[in-house]
$ cat structure.csv   # CSV, C-alpha atoms
chain,number,residue,atom,x,y,z
A,807,MET,CA,0.0,0.0,0.0
A,808,LYS,CA,2.8,2.4,1.0
A,809,ARG,CA,4.6,1.4,-2.2
A,810,LYS,CA,1.4,2.1,-4.3
A,811,LEU,CA,1.1,5.5,-2.7
A,812,LEU,CA,4.7,6.2,-3.4
A,813,SER,CA,4.4,5.2,-7.0
A,814,ALA,CA,1.3,7.4,-7.4
A,815,CYS,CA,3.2,10.2,-5.8
A,816,ILE,CA,6.2,9.8,-8.0
A,817,ALA,CA,4.0,9.7,-11.1
A,818,LEU,CA,2.4,12.9,-10.0
A,819,VAL,CA,5.7,14.5,-9.4
A,820,MET,CA,7.1,13.5,-12.7
A,821,GLY,CA,3.9,14.5,-14.5
A,822,VAL,CA,3.4,17.9,-13.0
A,823,GLY,CA,6.2,20.3,-12.3
A,824,GLY,CA,8.5,17.8,-10.6
A,825,GLY,CA,11.2,17.7,-8.0
A,826,TYR,CA,11.6,16.7,-4.4
A,827,ALA,CA,9.7,19.8,-3.2
A,828,SER,CA,6.6,18.4,-4.8
A,829,MET,CA,7.1,15.2,-2.8
A,830,VAL,CA,7.2,17.3,0.3
A,831,LEU,CA,4.1,19.1,-0.8
A,832,ALA,CA,2.3,15.9,-1.6
A,833,GLN,CA,2.4,15.2,2.1
A,834,GLN,CA,0.8,18.5,2.9
A,835,LYS,CA,-2.7,18.7,4.3
A,836,PRO,CA,-5.3,19.0,1.5
A,837,GLU,CA,-6.5,22.4,2.9
A,838,VAL,CA,-2.9,23.7,2.7
A,839,LEU,CA,-2.6,22.6,-0.9
A,840,VAL,CA,-5.9,24.3,-1.8
A,841,LYS,CA,-4.8,27.5,-0.1
A,842,GLN,CA,-1.4,27.4,-1.9
A,843,ARG,CA,-2.8,26.8,-5.3
A,844,GLN,CA,-5.4,29.5,-4.8
A,845,ALA,CA,-2.6,31.9,-3.8
A,846,ALA,CA,-0.8,31.1,-7.1
A,847,MET,CA,-4.1,31.9,-8.9
A,848,THR,CA,-4.5,35.2,-7.0
A,849,LEU,CA,-1.0,36.3,-7.9
A,850,GLN,CA,-1.4,35.3,-11.5
A,851,GLY,CA,-4.5,37.6,-11.5
A,852,LYS,CA,-2.5,40.4,-9.9
A,853,TYR,CA,0.2,40.4,-12.6
A,854,TRP,CA,-2.0,39.4,-15.5
A,855,GLY,CA,-4.3,42.4,-15.0
A,856,PRO,CA,-1.8,45.0,-16.2
A,857,VAL,CA,-0.5,42.7,-19.0
A,858,ASN,CA,-4.1,42.2,-20.2
A,859,ALA,CA,-4.8,46.0,-20.0
A,860,MET,CA,-1.7,46.7,-22.1
A,861,ALA,CA,-2.7,43.9,-24.6
A,862,GLN,CA,-6.2,45.4,-25.0
A,863,GLY,CA,-4.9,49.0,-25.3
A,864,LYS,CA,-6.5,50.0,-22.0
A,865,ALA,CA,-3.1,50.9,-20.6
A,866,PRO,CA,-0.1,52.2,-22.5
A,867,TYR,CA,2.6,49.6,-23.3
A,868,ASP,CA,5.4,49.9,-20.8
A,869,ALA,CA,8.4,47.7,-21.6
A,870,ALA,CA,9.6,47.6,-18.0
A,871,VAL,CA,6.2,46.5,-16.6
A,872,ALA,CA,5.8,44.1,-19.5
A,873,ALA,CA,9.1,42.4,-18.6
A,874,ARG,CA,8.6,42.4,-14.9
A,875,ASN,CA,5.0,41.0,-15.0
A,876,ALA,CA,5.9,38.5,-17.7
A,877,GLY,CA,8.7,37.2,-15.5
A,878,PHE,CA,6.5,36.9,-12.5
A,879,LEU,CA,3.8,35.2,-14.5
A,880,GLU,CA,6.3,32.7,-15.9
A,881,ALA,CA,7.3,31.8,-12.3
A,882,LEU,CA,3.7,31.7,-11.1
A,883,SER,CA,2.6,29.6,-14.0
A,884,LYS,CA,4.7,26.7,-12.5
A,885,MET,CA,3.3,27.0,-9.0
A,886,PRO,CA,-0.4,25.9,-8.9
A,887,TRP,CA,-0.3,22.4,-10.3
A,888,ASP,CA,1.1,20.2,-7.5
A,889,GLY,CA,-1.6,21.8,-5.4
A,890,PHE,CA,-4.3,19.8,-7.4
A,891,HIS,CA,-3.2,16.7,-5.6
A,892,GLU,CA,-5.6,13.7,-5.5
A,893,SER,CA,-5.9,14.3,-1.8
A,894,THR,CA,-7.7,17.6,-2.4
A,895,LYS,CA,-10.4,15.9,-4.5
A,896,ASP,CA,-12.9,15.7,-1.6
A,897,THR,CA,-11.7,18.7,0.3
A,898,THR,CA,-14.3,20.7,2.3
A,899,GLU,CA,-12.4,23.9,1.4
A,900,LYS,CA,-14.1,26.3,-0.8
A,901,THR,CA,-12.8,25.6,-4.3
A,902,ARG,CA,-14.0,26.1,-7.8
A,903,ALA,CA,-11.9,23.2,-9.1
A,904,LEU,CA,-14.2,20.8,-11.0
A,905,PRO,CA,-14.0,17.0,-10.8
A,906,ALA,CA,-12.6,17.1,-14.3
A,907,VAL,CA,-9.2,18.0,-12.8
A,908,TYR,CA,-9.0,14.6,-11.3
A,909,GLU,CA,-11.0,12.7,-13.9
A,910,ASN,CA,-9.0,13.8,-16.8
A,911,PRO,CA,-5.4,14.5,-15.5
A,912,ALA,CA,-3.8,14.2,-19.0
A,913,LYS,CA,-6.0,17.0,-20.4
A,914,PHE,CA,-5.5,19.1,-17.2
A,915,LYS,CA,-1.7,18.7,-17.5
A,916,GLU,CA,-2.0,19.7,-21.2
A,917,ALA,CA,-3.8,22.9,-20.1
A,918,ALA,CA,-1.2,23.6,-17.4
A,919,ASP,CA,1.6,23.1,-19.9
A,920,ARG,CA,-0.1,25.4,-22.3
A,921,LEU,CA,0.0,28.2,-19.8
A,922,GLN,CA,3.6,27.6,-19.0
A,923,THR,CA,4.6,27.6,-22.6
A,924,ALA,CA,2.6,30.8,-23.2
A,925,THR,CA,4.2,32.7,-20.3
A,926,THR,CA,7.7,31.7,-21.5
A,927,LYS,CA,6.8,33.2,-24.8
A,928,LEU,CA,5.5,36.3,-23.1
A,929,VAL,CA,8.9,36.7,-21.4
A,930,ALA,CA,10.7,36.4,-24.7
A,931,SER,CA,8.4,38.9,-26.4
A,932,ALA,CA,8.3,41.5,-23.6
A,933,LYS,CA,10.6,44.0,-25.3
A,934,ASP,CA,8.5,44.3,-28.5
A,935,GLU,CA,5.1,45.8,-28.2
A,936,THR,CA,3.4,43.9,-31.1
A,937,ALA,CA,4.9,40.6,-30.2
A,938,PHE,CA,4.1,41.1,-26.5
A,939,LYS,CA,0.4,41.8,-27.3
A,940,ALA,CA,0.2,38.7,-29.5
A,941,ALA,CA,1.9,36.6,-26.8
A,942,ALA,CA,-0.4,38.0,-24.1
A,943,GLY,CA,-3.4,36.9,-26.2
A,944,GLU,CA,-2.1,33.4,-26.1
A,945,VAL,CA,-1.7,33.6,-22.3
A,946,GLY,CA,-5.3,34.8,-22.0
A,947,LYS,CA,-6.5,31.9,-24.1
A,948,ALA,CA,-4.5,29.4,-21.9
A,949,CYS,CA,-6.1,30.9,-18.8
A,950,GLY,CA,-9.6,30.9,-20.3
A,951,GLY,CA,-9.3,27.4,-21.8
A,952,CYS,CA,-8.4,25.9,-18.5
A,953,HIS,CA,-11.0,27.8,-16.6
A,954,ASN,CA,-13.7,26.7,-19.0
A,955,ASP,CA,-12.9,23.1,-18.6
A,956,PHE,CA,-11.7,22.8,-15.1
A,957,ARG,CA,-13.2,25.6,-13.0
A,958,ALA,CA,-16.8,26.1,-11.9
A,959,LYS,CA,-18.5,29.3,-13.3
B,1408,MET,CA,-5.8,66.8,-3.6
B,1409,LYS,CA,-5.6,64.6,-6.6
B,1410,ARG,CA,-2.0,65.8,-7.1
B,1411,LYS,CA,-1.2,65.0,-3.5
B,1412,LEU,CA,-2.6,61.5,-3.8
B,1413,LEU,CA,-0.6,61.0,-7.0
B,1414,SER,CA,2.6,62.2,-5.3
B,1415,ALA,CA,2.1,59.9,-2.4
B,1416,CYS,CA,1.4,57.1,-4.9
B,1417,ILE,CA,4.5,57.8,-6.9
B,1418,ALA,CA,6.6,57.9,-3.7
B,1419,LEU,CA,5.2,54.5,-2.7
B,1420,VAL,CA,5.9,53.1,-6.1
B,1421,MET,CA,9.5,54.4,-6.2
B,1422,GLY,CA,10.0,53.3,-2.7
B,1423,VAL,CA,8.7,49.8,-2.8
B,1424,GLY,CA,9.3,47.6,-5.8
B,1425,GLY,CA,8.3,50.1,-8.4
B,1426,GLY,CA,6.8,50.3,-11.8
B,1427,TYR,CA,3.5,51.1,-13.5
B,1428,ALA,CA,1.9,47.9,-12.4
B,1429,SER,CA,2.2,49.1,-8.8
B,1430,MET,CA,0.3,52.3,-9.8
B,1431,VAL,CA,-2.4,50.1,-11.1
B,1432,LEU,CA,-2.4,48.1,-7.9
B,1433,ALA,CA,-2.5,51.2,-5.8
B,1434,GLN,CA,-5.9,51.7,-7.2
B,1435,GLN,CA,-7.0,48.2,-6.2
B,1436,LYS,CA,-9.5,47.8,-3.4
B,1437,PRO,CA,-7.9,47.3,0.0
B,1438,GLU,CA,-9.3,43.8,0.4
B,1439,VAL,CA,-7.8,42.8,-2.9
B,1440,LEU,CA,-4.4,44.1,-1.8
B,1441,VAL,CA,-4.6,42.3,1.5
B,1442,LYS,CA,-5.5,39.0,-0.3
B,1443,GLN,CA,-2.7,39.5,-2.8
B,1444,ARG,CA,0.0,40.2,-0.3
B,1445,GLN,CA,-1.2,37.2,1.8
B,1446,ALA,CA,-1.0,35.0,-1.3
B,1447,ALA,CA,2.6,36.0,-1.7
B,1448,MET,CA,3.3,35.1,1.9
B,1449,THR,CA,1.5,31.7,1.5
B,1450,LEU,CA,3.7,30.9,-1.5
B,1451,GLN,CA,6.8,32.0,0.2
B,1452,GLY,CA,5.9,29.5,2.9
B,1453,LYS,CA,5.4,26.8,0.3
B,1454,TYR,CA,8.8,27.2,-1.2
B,1455,TRP,CA,10.7,28.1,1.9
B,1456,GLY,CA,9.6,24.9,3.7
B,1457,PRO,CA,11.8,22.6,1.7
B,1458,VAL,CA,14.7,25.1,1.6
B,1459,ASN,CA,14.6,25.4,5.4
B,1460,ALA,CA,14.3,21.6,5.7
B,1461,MET,CA,17.5,21.2,3.6
B,1462,ALA,CA,19.3,24.0,5.5
B,1463,GLN,CA,18.5,22.3,8.8
B,1464,GLY,CA,19.5,18.9,7.6
B,1465,LYS,CA,16.0,17.6,7.9
B,1466,ALA,CA,15.9,16.8,4.2
B,1467,PRO,CA,18.8,15.9,2.0
B,1468,TYR,CA,20.3,18.7,-0.1
B,1469,ASP,CA,19.0,18.5,-3.7
B,1470,ALA,CA,20.6,20.9,-6.1
B,1471,ALA,CA,17.6,20.9,-8.5
B,1472,VAL,CA,15.1,21.7,-5.7
B,1473,ALA,CA,17.5,24.2,-4.2
B,1474,ALA,CA,17.7,26.1,-7.6
B,1475,ARG,CA,14.0,25.9,-8.3
B,1476,ASN,CA,12.8,27.0,-4.9
B,1477,ALA,CA,15.4,29.7,-4.7
B,1478,GLY,CA,14.3,31.1,-8.0
B,1479,PHE,CA,10.6,31.0,-6.9
B,1480,LEU,CA,11.5,32.7,-3.6
B,1481,GLU,CA,13.4,35.4,-5.4
B,1482,ALA,CA,10.4,36.2,-7.6
B,1483,LEU,CA,8.0,36.0,-4.6
B,1484,SER,CA,10.1,38.2,-2.4
B,1485,LYS,CA,9.3,41.1,-4.7
B,1486,MET,CA,5.6,40.5,-4.7
B,1487,PRO,CA,4.1,41.4,-1.3
B,1488,TRP,CA,5.2,44.9,-0.7
B,1489,ASP,CA,2.9,47.1,-2.8
B,1490,GLY,CA,0.1,45.2,-1.1
B,1491,PHE,CA,0.9,47.0,2.1
B,1492,HIS,CA,-0.6,50.2,0.7
B,1493,GLU,CA,-1.7,53.0,3.0
B,1494,SER,CA,-5.3,52.2,2.0
B,1495,THR,CA,-5.1,48.8,3.7
B,1496,LYS,CA,-4.2,50.4,7.1
B,1497,ASP,CA,-7.8,50.3,8.4
B,1498,THR,CA,-9.0,47.3,6.5
B,1499,THR,CA,-11.6,45.0,8.1
B,1500,GLU,CA,-9.9,42.0,6.4
B,1501,LYS,CA,-8.2,39.6,8.8
B,1502,THR,CA,-4.5,40.5,8.7
B,1503,ARG,CA,-1.6,40.2,11.1
B,1504,ALA,CA,0.2,43.3,9.7
B,1505,LEU,CA,1.0,45.6,12.6
B,1506,PRO,CA,0.5,49.4,12.6
B,1507,ALA,CA,4.3,49.6,12.5
B,1508,VAL,CA,4.1,48.8,8.8
B,1509,TYR,CA,2.5,52.2,8.2
B,1510,GLU,CA,4.1,54.0,11.1
B,1511,ASN,CA,7.7,53.2,10.1
B,1512,PRO,CA,7.7,52.7,6.3
B,1513,ALA,CA,11.5,53.2,6.1
B,1514,LYS,CA,12.2,50.4,8.5
B,1515,PHE,CA,9.6,48.2,6.8
B,1516,LYS,CA,11.2,48.9,3.4
B,1517,GLU,CA,14.6,48.0,4.9
B,1518,ALA,CA,13.2,44.7,6.0
B,1519,ALA,CA,11.6,44.0,2.6
B,1520,ASP,CA,14.8,44.9,0.9
B,1521,ARG,CA,16.7,42.5,3.2
B,1522,LEU,CA,14.6,39.6,2.1
B,1523,GLN,CA,15.0,40.4,-1.6
B,1524,THR,CA,18.8,40.7,-1.2
B,1525,ALA,CA,18.9,37.4,0.7
B,1526,THR,CA,16.8,35.5,-1.8
B,1527,THR,CA,19.0,36.8,-4.7
B,1528,LYS,CA,22.0,35.4,-2.8
B,1529,LEU,CA,20.1,32.1,-2.3
B,1530,VAL,CA,19.7,31.8,-6.1
B,1531,ALA,CA,23.4,32.5,-6.6
B,1532,SER,CA,24.4,29.9,-4.0
B,1533,ALA,CA,22.0,27.1,-4.9
B,1534,LYS,CA,24.6,24.9,-6.7
B,1535,ASP,CA,26.8,24.7,-3.6
B,1536,GLU,CA,25.4,22.9,-0.6
B,1537,THR,CA,27.5,24.8,2.0
B,1538,ALA,CA,26.9,28.2,0.5
B,1539,PHE,CA,23.2,27.4,0.0
B,1540,LYS,CA,22.7,26.5,3.6
B,1541,ALA,CA,24.4,29.7,4.8
B,1542,ALA,CA,22.3,31.7,2.4
B,1543,ALA,CA,19.2,30.0,3.5
B,1544,GLY,CA,20.1,31.0,7.1
B,1545,GLU,CA,20.1,34.7,6.0
B,1546,VAL,CA,16.7,34.3,4.3
B,1547,GLY,CA,15.3,32.8,7.5
B,1548,LYS,CA,16.7,35.7,9.5
B,1549,ALA,CA,15.1,38.2,7.0
B,1550,CYS,CA,11.7,36.5,7.4
B,1551,GLY,CA,11.9,36.3,11.1
B,1552,GLY,CA,13.2,39.8,11.6
B,1553,CYS,CA,10.4,41.3,9.6
B,1554,HIS,CA,7.7,39.1,11.3
B,1555,ASN,CA,9.0,40.1,14.7
B,1556,ASP,CA,8.7,43.8,14.0
B,1557,PHE,CA,5.7,44.0,11.7
B,1558,ARG,CA,3.5,41.0,12.2
B,1559,ALA,CA,1.3,40.2,15.2
B,1560,LYS,CA,2.2,37.0,17.0
$ encode --input "structure.csv" --output "structure tokens"
Amino acid sequence: MKRKLLSACIALVMGVGGGYASMVLAQQKPEVLVKQRQAAMTLQGKYWGPVNAMAQGKAPYDAAVAARNAGFLEALSKMPWDGFHESTKDTTEKTRALPAVYENPAKFKEAADRLQTATTKLVASAKDETAFKAAAGEVGKACGGCHNDFRAK
Amino acid sequence: MKRKLLSACIALVMGVGGGYASMVLAQQKPEVLVKQRQAAMTLQGKYWGPVNAMAQGKAPYDAAVAARNAGFLEALSKMPWDGFHESTKDTTEKTRALPAVYENPAKFKEAADRLQTATTKLVASAKDETAFKAAAGEVGKACGGCHNDFRAK
């Protein structure tokens, strides 16, 4: 049984964002994991706001802010996923995560990877206004796509 | 009056972590700012845990985890500060931030800067176990020092 749990844990770790730290996290209480993944979402919202405003022409493009926020978003885009551990499936914490997260882990991982790829491109494009706005559009689609499929309205 | 507010805002932005994004944030509702700064603290805790465990010999040193978590901590160490905006001083949100944050902004900024410097050194030292453990000690002191002075027990 312990071995089974360990295998599942290793599979999770290899699959989503990896490393020993995730092993440590996998032993965290479900309510802590939920709180941590929600914290990552909150901060993604914080730094996405100005990026989206620039992309939509609601705020003037600012290369320094573009680079800073893109860098933060790239880091943050790696943080939520180990928080969606199987142990949080039946949490009593308030969460909008849908059962689909646990029922379709391959599709969920694909959505998570898409965001990480998009934020890496956002970092690479931050110095050029046109490229940055296009890259921001892809980040927005990655957010929206995942929320559509895996988050309650 | 508007000009006065703008000046105060610019001073805050220049003082703590800077950039246009912070201006945008300064217009956020106090409860959002509190939520965002607490999210940054939550994630610092998430990635500090394994670093501290390695530093204290409670977990084996792992260079990959050391580098990854140090990088995350460096990014996260820049995120909380604009959330301690003057507008959050009298928030009804649950917060352990002490009045000292607003009464002694220079000392608070010093404490914030200390953490950012310490996490940058943590990143630089991550490949070397001995240096990493020493650098982690400094990060721990930066956390503790700030919490002692600016956070309720």
$ residues_around --input "structure.csv" --residues "Lys835 (chain A)" --least-positions-apart "5" --cutoff "10 Å" --atoms "only C-alpha atoms" --output "list in words"
Val840, Ser893, Thr894 and Thr897 of chain A
$ residues_around --input "structure.csv" --residues "Val838 (chain A)" --least-positions-apart "3" --cutoff "10 Å" --atoms "only C-alpha atoms" --output "PyMOL selection string"
(chain A and resi 831+834-835+841-844+889+894+899) or (chain B and resi 1449+1453)
$ residues_around --input "structure.csv" --residues "His953 (chain A)" --least-positions-apart "4" --cutoff "12 Å" --atoms "only C-alpha atoms" --output "PyMOL selection string"
chain A and resi 847+902-904+906-907+914+917-918+921+946-949+957-959
$ interface_residues --input "structure.csv" --of "chain B" --to "chain A" --cutoff "10 Å" --atoms "all atoms listed in the file" --output "PyMOL selection string"
chain B and resi 1425-1432+1435+1439-1440+1442-1458+1460+1466-1469+1471-1473+1475-1476+1478-1483+1485-1487
$ atom_distance --input "structure.csv" --atom1 "CA of Thr1527 (chain B)" --atom2 "CA of Ala1477 (chain B)"
8.0 Å
$ atom_distance --input "structure.csv" --atom1 "CA of Lys1516 (chain B)" --atom2 "CA of Glu1545 (chain B)"
17.0 Å
$ atom_distance --input "structure.csv" --atom1 "CA of Gly1464 (chain B)" --atom2 "CA of Glu892 (chain A)"
28.8 Å
$ decode --input "structure.csv" --residues "region 813-926 of chain A" --atoms "C-alpha atoms" --output "PDB file, in the first residue's frame"
ATOM      1  CA  SER A 813       4.363   5.219  -7.028  1.00  0.00           C
ATOM      2  CA  ALA A 814       1.331   7.432  -7.426  1.00  0.00           C
ATOM      3  CA  CYS A 815       3.211  10.226  -5.761  1.00  0.00           C
ATOM      4  CA  ILE A 816       6.222   9.818  -8.032  1.00  0.00           C
ATOM      5  CA  ALA A 817       3.958   9.696 -11.091  1.00  0.00           C
ATOM      6  CA  LEU A 818       2.359  12.923  -9.991  1.00  0.00           C
ATOM      7  CA  VAL A 819       5.686  14.528  -9.369  1.00  0.00           C
ATOM      8  CA  MET A 820       7.114  13.482 -12.728  1.00  0.00           C
ATOM      9  CA  GLY A 821       3.939  14.519 -14.481  1.00  0.00           C
ATOM     10  CA  VAL A 822       3.354  17.925 -12.994  1.00  0.00           C
ATOM     11  CA  GLY A 823       6.206  20.269 -12.317  1.00  0.00           C
ATOM     12  CA  GLY A 824       8.508  17.784 -10.630  1.00  0.00           C
ATOM     13  CA  GLY A 825      11.153  17.676  -7.984  1.00  0.00           C
ATOM     14  CA  TYR A 826      11.576  16.713  -4.387  1.00  0.00           C
ATOM     15  CA  ALA A 827       9.742  19.807  -3.224  1.00  0.00           C
ATOM     16  CA  SER A 828       6.604  18.414  -4.759  1.00  0.00           C
ATOM     17  CA  MET A 829       7.100  15.193  -2.818  1.00  0.00           C
ATOM     18  CA  VAL A 830       7.202  17.266   0.312  1.00  0.00           C
ATOM     19  CA  LEU A 831       4.080  19.061  -0.810  1.00  0.00           C
ATOM     20  CA  ALA A 832       2.272  15.870  -1.617  1.00  0.00           C
ATOM     21  CA  GLN A 833       2.436  15.192   2.098  1.00  0.00           C
ATOM     22  CA  GLN A 834       0.841  18.542   2.905  1.00  0.00           C
ATOM     23  CA  LYS A 835      -2.679  18.653   4.262  1.00  0.00           C
ATOM     24  CA  PRO A 836      -5.317  19.047   1.547  1.00  0.00           C
ATOM     25  CA  GLU A 837      -6.471  22.406   2.942  1.00  0.00           C
ATOM     26  CA  VAL A 838      -2.909  23.735   2.735  1.00  0.00           C
ATOM     27  CA  LEU A 839      -2.584  22.552  -0.862  1.00  0.00           C
ATOM     28  CA  VAL A 840      -5.861  24.251  -1.778  1.00  0.00           C
ATOM     29  CA  LYS A 841      -4.762  27.473  -0.102  1.00  0.00           C
ATOM     30  CA  GLN A 842      -1.411  27.391  -1.900  1.00  0.00           C
ATOM     31  CA  ARG A 843      -2.827  26.753  -5.345  1.00  0.00           C
ATOM     32  CA  GLN A 844      -5.403  29.508  -4.834  1.00  0.00           C
ATOM     33  CA  ALA A 845      -2.598  31.851  -3.766  1.00  0.00           C
ATOM     34  CA  ALA A 846      -0.849  31.146  -7.078  1.00  0.00           C
ATOM     35  CA  MET A 847      -4.073  31.940  -8.949  1.00  0.00           C
ATOM     36  CA  THR A 848      -4.534  35.165  -6.973  1.00  0.00           C
ATOM     37  CA  LEU A 849      -1.038  36.339  -7.866  1.00  0.00           C
ATOM     38  CA  GLN A 850      -1.437  35.325 -11.488  1.00  0.00           C
ATOM     39  CA  GLY A 851      -4.472  37.594 -11.502  1.00  0.00           C
ATOM     40  CA  LYS A 852      -2.472  40.400  -9.935  1.00  0.00           C
ATOM     41  CA  TYR A 853       0.222  40.372 -12.606  1.00  0.00           C
ATOM     42  CA  TRP A 854      -2.015  39.394 -15.497  1.00  0.00           C
ATOM     43  CA  GLY A 855      -4.267  42.426 -14.966  1.00  0.00           C
ATOM     44  CA  PRO A 856      -1.757  45.041 -16.199  1.00  0.00           C
ATOM     45  CA  VAL A 857      -0.545  42.734 -19.005  1.00  0.00           C
ATOM     46  CA  ASN A 858      -4.080  42.250 -20.248  1.00  0.00           C
ATOM     47  CA  ALA A 859      -4.785  45.979 -19.952  1.00  0.00           C
ATOM     48  CA  MET A 860      -1.749  46.686 -22.137  1.00  0.00           C
ATOM     49  CA  ALA A 861      -2.685  43.949 -24.606  1.00  0.00           C
ATOM     50  CA  GLN A 862      -6.164  45.385 -24.960  1.00  0.00           C
ATOM     51  CA  GLY A 863      -4.918  48.961 -25.320  1.00  0.00           C
ATOM     52  CA  LYS A 864      -6.535  49.992 -22.030  1.00  0.00           C
ATOM     53  CA  ALA A 865      -3.141  50.919 -20.621  1.00  0.00           C
ATOM     54  CA  PRO A 866      -0.118  52.188 -22.538  1.00  0.00           C
ATOM     55  CA  TYR A 867       2.554  49.591 -23.305  1.00  0.00           C
ATOM     56  CA  ASP A 868       5.404  49.881 -20.815  1.00  0.00           C
ATOM     57  CA  ALA A 869       8.408  47.690 -21.582  1.00  0.00           C
ATOM     58  CA  ALA A 870       9.594  47.577 -17.962  1.00  0.00           C
ATOM     59  CA  VAL A 871       6.214  46.515 -16.616  1.00  0.00           C
ATOM     60  CA  ALA A 872       5.817  44.057 -19.486  1.00  0.00           C
ATOM     61  CA  ALA A 873       9.137  42.391 -18.646  1.00  0.00           C
ATOM     62  CA  ARG A 874       8.556  42.382 -14.907  1.00  0.00           C
ATOM     63  CA  ASN A 875       5.031  41.023 -15.014  1.00  0.00           C
ATOM     64  CA  ALA A 876       5.899  38.459 -17.691  1.00  0.00           C
ATOM     65  CA  GLY A 877       8.747  37.180 -15.515  1.00  0.00           C
ATOM     66  CA  PHE A 878       6.472  36.941 -12.493  1.00  0.00           C
ATOM     67  CA  LEU A 879       3.783  35.194 -14.535  1.00  0.00           C
ATOM     68  CA  GLU A 880       6.288  32.696 -15.879  1.00  0.00           C
ATOM     69  CA  ALA A 881       7.327  31.782 -12.332  1.00  0.00           C
ATOM     70  CA  LEU A 882       3.747  31.734 -11.050  1.00  0.00           C
ATOM     71  CA  SER A 883       2.562  29.571 -13.957  1.00  0.00           C
ATOM     72  CA  LYS A 884       4.670  26.748 -12.529  1.00  0.00           C
ATOM     73  CA  MET A 885       3.260  26.982  -8.997  1.00  0.00           C
ATOM     74  CA  PRO A 886      -0.383  25.898  -8.905  1.00  0.00           C
ATOM     75  CA  TRP A 887      -0.294  22.382 -10.300  1.00  0.00           C
ATOM     76  CA  ASP A 888       1.072  20.224  -7.505  1.00  0.00           C
ATOM     77  CA  GLY A 889      -1.636  21.774  -5.366  1.00  0.00           C
ATOM     78  CA  PHE A 890      -4.251  19.844  -7.353  1.00  0.00           C
ATOM     79  CA  HIS A 891      -3.197  16.669  -5.618  1.00  0.00           C
ATOM     80  CA  GLU A 892      -5.585  13.730  -5.518  1.00  0.00           C
ATOM     81  CA  SER A 893      -5.906  14.272  -1.761  1.00  0.00           C
ATOM     82  CA  THR A 894      -7.705  17.565  -2.403  1.00  0.00           C
ATOM     83  CA  LYS A 895     -10.418  15.906  -4.493  1.00  0.00           C
ATOM     84  CA  ASP A 896     -12.893  15.722  -1.640  1.00  0.00           C
ATOM     85  CA  THR A 897     -11.733  18.736   0.316  1.00  0.00           C
ATOM     86  CA  THR A 898     -14.278  20.690   2.292  1.00  0.00           C
ATOM     87  CA  GLU A 899     -12.396  23.874   1.434  1.00  0.00           C
ATOM     88  CA  LYS A 900     -14.143  26.341  -0.833  1.00  0.00           C
ATOM     89  CA  THR A 901     -12.777  25.613  -4.291  1.00  0.00           C
ATOM     90  CA  ARG A 902     -14.020  26.051  -7.826  1.00  0.00           C
ATOM     91  CA  ALA A 903     -11.893  23.200  -9.142  1.00  0.00           C
ATOM     92  CA  LEU A 904     -14.163  20.797 -11.042  1.00  0.00           C
ATOM     93  CA  PRO A 905     -14.015  16.978 -10.759  1.00  0.00           C
ATOM     94  CA  ALA A 906     -12.609  17.056 -14.316  1.00  0.00           C
ATOM     95  CA  VAL A 907      -9.230  18.009 -12.806  1.00  0.00           C
ATOM     96  CA  TYR A 908      -8.977  14.554 -11.269  1.00  0.00           C
ATOM     97  CA  GLU A 909     -11.015  12.661 -13.864  1.00  0.00           C
ATOM     98  CA  ASN A 910      -8.961  13.829 -16.805  1.00  0.00           C
ATOM     99  CA  PRO A 911      -5.434  14.487 -15.516  1.00  0.00           C
ATOM    100  CA  ALA A 912      -3.836  14.250 -18.981  1.00  0.00           C
ATOM    101  CA  LYS A 913      -6.046  17.007 -20.354  1.00  0.00           C
ATOM    102  CA  PHE A 914      -5.488  19.058 -17.206  1.00  0.00           C
ATOM    103  CA  LYS A 915      -1.731  18.691 -17.545  1.00  0.00           C
ATOM    104  CA  GLU A 916      -2.000  19.744 -21.187  1.00  0.00           C
ATOM    105  CA  ALA A 917      -3.838  22.905 -20.100  1.00  0.00           C
ATOM    106  CA  ALA A 918      -1.239  23.582 -17.403  1.00  0.00           C
ATOM    107  CA  ASP A 919       1.606  23.077 -19.873  1.00  0.00           C
ATOM    108  CA  ARG A 920      -0.064  25.397 -22.345  1.00  0.00           C
ATOM    109  CA  LEU A 921      -0.013  28.224 -19.806  1.00  0.00           C
ATOM    110  CA  GLN A 922       3.635  27.612 -18.965  1.00  0.00           C
ATOM    111  CA  THR A 923       4.611  27.642 -22.646  1.00  0.00           C
ATOM    112  CA  ALA A 924       2.591  30.807 -23.221  1.00  0.00           C
ATOM    113  CA  THR A 925       4.183  32.684 -20.315  1.00  0.00           C
ATOM    114  CA  THR A 926       7.670  31.672 -21.456  1.00  0.00           C
TER     115      THR A 926
END
